[in-house]
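Enquirer: My questions will all concern the structure given below.
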Amino acid sequence: MHTHGLIMTSFGKHRRVGLLAVAALLASIALAPRPAAAALTIDITQGNLEPLRVAIPEFLASTDEERKYAEDIATVLKNNLERSGLFSAIDRQAYIERQSEIDLRPRFPDWRVIGTQVLVNGRIQLQASGLMLVDFRVWDVSGEEQLLGLQLEIDPRNWRRIAHRVTDRIYQRLTGEAGYFDSRIVFISETGPKGARAKRLTIMDQDGASPSYLTNGSYLVLTPRYSPSAQQITYLSYEEGRPKVFLYNIANGRREALGQFEGMTFAPRFSPDGRGVIMSLESAGNSDIYTMDLNTRALTRLTSGPDIDTSPSMSPDGRQIVFTSDRAGDPQLYVMNADGSDVRRVSQGEGRYSTPVWSPRGDRIAFTKQIGGRFQIGVMRIDGSGEITLAESWSAEGPTWSPNGRVVVFFRQSAPNAESELWSVDLTGRNLRRVVTPVSASDPAWSPLLQ
């Protein structure tokens, strides 16, 4: 995606506002204590979350072309905030004030009377240079103060990404945590009959917009994973009749094989520094975990023995690895040091555990669990405590974390003959939403925030 022609400045008041209920919500689900909200509270123990009520009036514009950009940007911004589960947009038909100038203070009583807590307004101007000037203001209606101001000069072709970036800034200002909207998801698109599925590597914005195919479907591709820079993808391909791990450069479309391995190769992932790949290699019926240095292509074996060790994922600091192993009988989750030492089991519940992935925050592990003939998507602390189920279905697997560690995307089937779909859920387990894709989808991987 183009990133040229973008200038961002910010202005306005930047002290933290204590009234916002989102802070209380996030504090309640974080492992580390965080400041609670002062004036508004949300009782999440009853499952009745009250999202902040946000008003997003039509952005000011002078021409038809400007008005089209204005409405598109406002729509993406509104949809992003609502999908987070922390905000609810007020119907524009309820608005009393109709602003004609962005730099004037709003008539706050007009917004309070319809229940507005946060007001976002903006202005779009196309300039003679061909760039577009975008202004935003974010207001705390109860406190009658400006929380955030943004002024951006952009190439109009980047309007969707700008909407995501502005959402990130609003989300961070109101919650105190980084957003996740300016990011992408890579996944496997599936078409055709069940016995002869065509699988294509596909990439899209995190909201499901702008999907594009990276491979043509003439060969099988599986388990795509992003690099920490979001510029490369590693994936498994059968294009030459046997499994090989490839690197795909998103910017220029180039790809290269990591090497020819004996036996099967499974679940490649980048190391947190992007300098290596961790994966499992199978030989003579036995699967063990290896790392590969991307500069030297040297392999280092981390596990050994008759057990099946697979699906490794490194902690964000690169010091530990979580993986699946059947060394105790059924597949369970284990954590070891990055050099393969000090292996300890962390999953303690009933059922079969698989596909673990470490949160970008470093505080939790997401996983797939099979129990009682159904599949669950869950999270636990890194020592195995605090296990909770976020979603359940006839089939559900392959969790991947948002860049801020607050949302998990996975794929599921609701019944044996149903199509595979992508779904997202936050750490409360209450904000379960489908991520719409053009065709059947599996194996999602969420990128870091884009640069």
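Letters for chains follow the order of the structure tokens (A, B, ...), residue numbers begin at 1 for each chain, and ligand numbers begin at 1 in the order shown.
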Run DSSP on the backbone of this structure and report the residues of range 127-248 of chain A it assigns to helix (DSSP H, G or I), as a list in words.
Expert: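 Of range 127-248 of chain A, only Pro156, Arg157, Asn158, Trp159, Arg160, Arg161, Ile162, Ala163, His164, Arg165, Val166, Thr167, Asp168, Arg169, Ile170, Tyr171, Gln172, Arg173, Leu174, Thr175, Lys194, Gly195 and Ala196 of chain A fall in helix (DSSP H, G or I).
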Enquirer: Store the residues picked out above, limited to N, CA and C atoms, as an mmCIF file, in the first residue's frame.
Expert:
data_model
loop_
_atom_site.group_PDB
_atom_site.id
_atom_site.type_symbol
_atom_site.label_atom_id
_atom_site.label_comp_id
_atom_site.auth_asym_id
_atom_site.auth_seq_id
_atom_site.Cartn_x
_atom_site.Cartn_y
_atom_site.Cartn_z
ATOM 1 N N PRO A 156 -4.829 11.163 -1.813
ATOM 2 C CA PRO A 156 -6.198 10.647 -1.670
ATOM 3 C C PRO A 156 -6.315 9.139 -1.849
ATOM 4 N N ARG A 157 -5.383 8.534 -2.571
ATOM 5 C CA ARG A 157 -5.445 7.081 -2.741
ATOM 6 C C ARG A 157 -5.276 6.349 -1.419
ATOM 7 N N ASN A 158 -4.723 7.024 -0.418
ATOM 8 C CA ASN A 158 -4.490 6.408 0.887
ATOM 9 C C ASN A 158 -5.628 6.650 1.868
ATOM 10 N N TRP A 159 -6.796 7.056 1.387
ATOM 11 C CA TRP A 159 -7.850 7.478 2.302
ATOM 12 C C TRP A 159 -8.240 6.385 3.292
ATOM 13 N N ARG A 160 -8.291 5.128 2.846
ATOM 14 C CA ARG A 160 -8.710 4.059 3.762
ATOM 15 C C ARG A 160 -7.686 3.843 4.859
ATOM 16 N N ARG A 161 -6.420 3.865 4.502
ATOM 17 C CA ARG A 161 -5.403 3.664 5.530
ATOM 18 C C ARG A 161 -5.383 4.827 6.519
ATOM 19 N N ILE A 162 -5.630 6.046 6.029
ATOM 20 C CA ILE A 162 -5.696 7.179 6.928
ATOM 21 C C ILE A 162 -6.840 7.015 7.919
ATOM 22 N N ALA A 163 -7.976 6.503 7.453
ATOM 23 C CA ALA A 163 -9.098 6.253 8.364
ATOM 24 C C ALA A 163 -8.688 5.281 9.469
ATOM 25 N N HIS A 164 -7.907 4.262 9.107
ATOM 26 C CA HIS A 164 -7.433 3.308 10.114
ATOM 27 C C HIS A 164 -6.464 3.976 11.082
ATOM 28 N N ARG A 165 -5.568 4.799 10.567
ATOM 29 C CA ARG A 165 -4.593 5.460 11.437
ATOM 30 C C ARG A 165 -5.274 6.429 12.403
ATOM 31 N N VAL A 166 -6.248 7.144 11.911
ATOM 32 C CA VAL A 166 -6.972 8.063 12.785
ATOM 33 C C VAL A 166 -7.717 7.273 13.864
ATOM 34 N N THR A 167 -8.312 6.145 13.490
ATOM 35 C CA THR A 167 -8.968 5.302 14.487
ATOM 36 C C THR A 167 -7.982 4.860 15.556
ATOM 37 N N ASP A 168 -6.777 4.471 15.136
ATOM 38 C CA ASP A 168 -5.757 4.071 16.106
ATOM 39 C C ASP A 168 -5.461 5.193 17.094
ATOM 40 N N ARG A 169 -5.360 6.418 16.588
ATOM 41 C CA ARG A 169 -5.055 7.546 17.469
ATOM 42 C C ARG A 169 -6.213 7.814 18.435
ATOM 43 N N ILE A 170 -7.436 7.731 17.942
ATOM 44 C CA ILE A 170 -8.596 7.922 18.819
ATOM 45 C C ILE A 170 -8.663 6.821 19.868
ATOM 46 N N TYR A 171 -8.510 5.583 19.441
ATOM 47 C CA TYR A 171 -8.543 4.437 20.346
ATOM 48 C C TYR A 171 -7.491 4.583 21.440
ATOM 49 N N GLN A 172 -6.278 4.955 21.045
ATOM 50 C CA GLN A 172 -5.208 5.101 22.028
ATOM 51 C C GLN A 172 -5.488 6.248 22.996
ATOM 52 N N ARG A 173 -6.015 7.349 22.465
ATOM 53 C CA ARG A 173 -6.289 8.508 23.325
ATOM 54 C C ARG A 173 -7.369 8.201 24.358
ATOM 55 N N LEU A 174 -8.347 7.403 23.990
ATOM 56 C CA LEU A 174 -9.468 7.130 24.880
ATOM 57 C C LEU A 174 -9.258 5.932 25.789
ATOM 58 N N THR A 175 -8.360 5.020 25.420
ATOM 59 C CA THR A 175 -8.159 3.816 26.219
ATOM 60 C C THR A 175 -6.798 3.760 26.894
ATOM 61 N N LYS A 194 -14.917 -30.084 -1.900
ATOM 62 C CA LYS A 194 -14.174 -30.464 -0.704
ATOM 63 C C LYS A 194 -12.976 -31.359 -1.010
ATOM 64 N N GLY A 195 -13.114 -32.213 -1.984
ATOM 65 C CA GLY A 195 -12.018 -33.128 -2.286
ATOM 66 C C GLY A 195 -10.930 -32.541 -3.155
ATOM 67 N N ALA A 196 -11.164 -31.357 -3.704
ATOM 68 C CA ALA A 196 -10.166 -30.747 -4.588
ATOM 69 C C ALA A 196 -10.165 -29.229 -4.395
#
Enquirer: Please provide as a short mmCIF file (atom, residue, chain, number, x, y, z; two decimals) with N, CA and C atoms, in the first residue's frame all residues within 9 Å of Arg433 in chain A, with the sequence filter that same-chain residues fewer than 2 positions apart are discarded (counting only C-alpha atoms).
Expert:
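The resulting result22.cif:
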data_model
loop_
_atom_site.label_atom_id
_atom_site.label_comp_id
_atom_site.auth_asym_id
_atom_site.auth_seq_id
_atom_site.Cartn_x
_atom_site.Cartn_y
_atom_site.Cartn_z
N ARG A 83 -16.69 -2.07 15.80
CA ARG A 83 -16.20 -3.46 15.82
C ARG A 83 -15.35 -3.74 17.05
N LEU A 422 -13.71 -16.66 8.89
CA LEU A 422 -12.87 -15.97 9.88
C LEU A 422 -13.77 -15.25 10.88
N TRP A 423 -13.40 -15.32 12.14
CA TRP A 423 -14.12 -14.65 13.21
C TRP A 423 -13.12 -13.96 14.13
N SER A 424 -13.58 -12.89 14.78
CA SER A 424 -12.75 -12.21 15.77
C SER A 424 -13.48 -12.20 17.10
N VAL A 425 -12.70 -12.15 18.19
CA VAL A 425 -13.27 -12.08 19.53
C VAL A 425 -12.26 -11.36 20.42
N ASN A 431 -17.35 -10.01 22.53
CA ASN A 431 -17.43 -9.28 21.27
C ASN A 431 -17.02 -10.19 20.11
N VAL A 435 -15.49 -11.85 10.44
CA VAL A 435 -14.68 -11.04 9.52
C VAL A 435 -15.02 -11.52 8.11
#
Enquirer: Quick one: of A:Glu350, A:Asp309, A:Asp207, A:Pro356, who's nearest to Gly285 in chain A, counting only C-alpha atoms?
Expert: A:Asp309
Enquirer: Do you know which residues are at most 6 Å from Glu397 in chain A counting only C-alpha atoms, after dropping those on the same chain fewer than 5 positions away, and could you put them as an NGL selection string?
Expert: :A and (368 or 410-411)
Enquirer: Write the residues you've just listed into a file as a compact mmCIF listing (two decimals), in the first residue's frame, and include C-alpha atoms for each of them.
Expert:
# COMPACT_ATOMS: atom_id res chain seq x y z
CA THR A 368 -7.06 -24.34 20.13
CA PHE A 410 -9.48 -17.52 14.14
CA PHE A 411 -11.28 -19.69 11.59
Enquirer: Excluding Ala366 in chain A and its own-chain neighbours fewer than 2 positions away, which residues fall within 6 Å of it when counting only C-alpha atoms? Please give them as a ChimeraX atom specification.
Expert: /A:356-357,378-379
Enquirer: Among range 140-364 of chain A, which ones does DSSP assign to strand (DSSP E or B) (computed from the backbone)? Answer as a PyMOL selection string.
Expert: chain A and resi 140+145-154+184-191+198-205+212-213+221-226+232-237+244-249+255-257+265-270+276-283+286-293+299-301+308-314+320-325+332-337+344-345+352-358+364
Enquirer: Can you pull out the residues contacting range 271-283 of chain A? Cut-off 8 Å, using only C-alpha atoms, and skip same-chain residues under 2 positions away; I want them as a PyMOL selection string.
Expert: chain A and resi 227-229+261-269+285-295+309-318
Enquirer: Rounded to one decimal, what separation in Å do you get between CA of Glu153 in chain A and CA of Gly122 in chain A?
Expert: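 Pair CA of Glu153 in chain A / CA of Gly122 in chain A returns 13.4 Å.
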Enquirer: Counting only C-alpha atoms, figure out which residue out of A:Pro306, A:Gly362, A:Pro416, A:Pro193 gets nearest to Ala328 in chain A.
Expert: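 Ranking A:Pro306, A:Gly362, A:Pro416, A:Pro193 by distance to Ala328 in chain A, first place goes to A:Pro306.
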Enquirer: Write out as an MDAnalysis selection string the residues lying within 12 Å of Gly373 in chain A, counting only C-alpha atoms and excluding same-chain residues fewer than 4 positions away.
Expert: chainID A and resid 351:352 369 392:396 415
Enquirer: Let me make sure I understand: among A:Asp307, A:Glu58, A:Glu144, A:Glu190, which one has the smallest atom-to-atom distance to Asn216 in chain A if we use only C-alpha atoms?
Expert: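 Of all the options, A:Glu190 lies closest to Asn216 in chain A.
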Enquirer: Excluding Ile382 in chain A and any residue of its chain fewer than 2 positions from it, enumerate the residues within 10 Å of it, using only C-alpha atoms, and give them as a VMD selection string.
Expert: chain A and resid 315 322 334 to 335 346 to 347 358 to 359 362 to 366 379 to 380 384 to 387
Enquirer: Okay, now the selection with N, CA and C atoms, as a compact mmCIF listing (two decimals), in the first residue's frame?
Expert:
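Full text of again-v8.txt as output:
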# COMPACT_ATOMS: atom_id res chain seq x y z
N SER A 315 8.05 -16.16 22.37
CA SER A 315 7.60 -15.02 23.15
C SER A 315 8.13 -13.74 22.51
N VAL A 322 6.61 -21.52 23.14
CA VAL A 322 5.50 -22.40 23.47
C VAL A 322 5.27 -23.32 22.28
N TYR A 334 3.44 -26.87 25.97
CA TYR A 334 4.68 -26.82 26.75
C TYR A 334 5.40 -25.51 26.45
N VAL A 335 6.17 -25.06 27.43
CA VAL A 335 7.03 -23.89 27.26
C VAL A 335 8.46 -24.30 27.57
N VAL A 346 2.45 -26.52 30.48
CA VAL A 346 1.67 -25.41 31.02
C VAL A 346 0.16 -25.64 30.93
N SER A 347 -0.32 -26.40 29.97
CA SER A 347 -1.77 -26.67 29.89
C SER A 347 -2.14 -27.67 30.97
N TRP A 358 1.87 -16.92 21.05
CA TRP A 358 2.17 -15.99 22.13
C TRP A 358 1.61 -14.62 21.80
N SER A 359 0.99 -13.97 22.80
CA SER A 359 0.46 -12.63 22.61
C SER A 359 1.58 -11.62 22.38
N GLY A 362 3.02 -10.36 25.47
CA GLY A 362 3.86 -11.25 26.24
C GLY A 362 3.21 -11.85 27.46
N ASP A 363 1.92 -11.54 27.69
CA ASP A 363 1.29 -11.96 28.93
C ASP A 363 0.40 -13.18 28.82
N ARG A 364 0.04 -13.57 27.60
CA ARG A 364 -0.88 -14.69 27.43
C ARG A 364 -0.53 -15.53 26.21
N ILE A 365 -1.13 -16.71 26.19
CA ILE A 365 -0.99 -17.63 25.06
C ILE A 365 -2.40 -17.98 24.59
N ALA A 366 -2.65 -17.82 23.30
CA ALA A 366 -3.91 -18.27 22.72
C ALA A 366 -3.72 -19.68 22.17
N VAL A 379 -7.54 -18.69 25.84
CA VAL A 379 -6.29 -18.03 26.22
C VAL A 379 -5.96 -18.43 27.65
N MET A 380 -4.68 -18.39 27.97
CA MET A 380 -4.20 -18.66 29.32
C MET A 380 -2.99 -17.77 29.59
N GLY A 384 0.11 -21.14 32.41
CA GLY A 384 -1.01 -22.06 32.27
C GLY A 384 -2.20 -21.70 33.14
N SER A 385 -2.08 -20.75 34.03
CA SER A 385 -3.19 -20.37 34.89
C SER A 385 -4.14 -19.44 34.16
N GLY A 386 -5.32 -19.23 34.74
CA GLY A 386 -6.27 -18.28 34.20
C GLY A 386 -6.84 -18.65 32.85
N GLU A 387 -6.97 -19.94 32.57
CA GLU A 387 -7.48 -20.35 31.25
C GLU A 387 -8.95 -19.96 31.11
Enquirer: From the options A:Ala55, A:Val113, A:Leu119, A:Val407, which residue's atoms come nearest to Val138 in chain A, counting only C-alpha atoms?
Expert: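 Counting only C-alpha atoms, the residue closest to Val138 in chain A is A:Leu119.
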Enquirer: Work out how far CA of Ile56 in chain A is from CA of Lys78 in chain A, in Å to one decimal.
Expert: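 According to the coordinates, CA of Lys78 in chain A and CA of Ile56 in chain A are separated by 7.3 Å.
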Enquirer: My list of candidates is A:Thr215, A:Thr303, A:Ser341, A:Asn121. Which is closest to Arg327 in chain A when distances are computed with only C-alpha atoms?
Expert: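 Ranking A:Thr215, A:Thr303, A:Ser341, A:Asn121 by distance to Arg327 in chain A, first place goes to A:Thr303.
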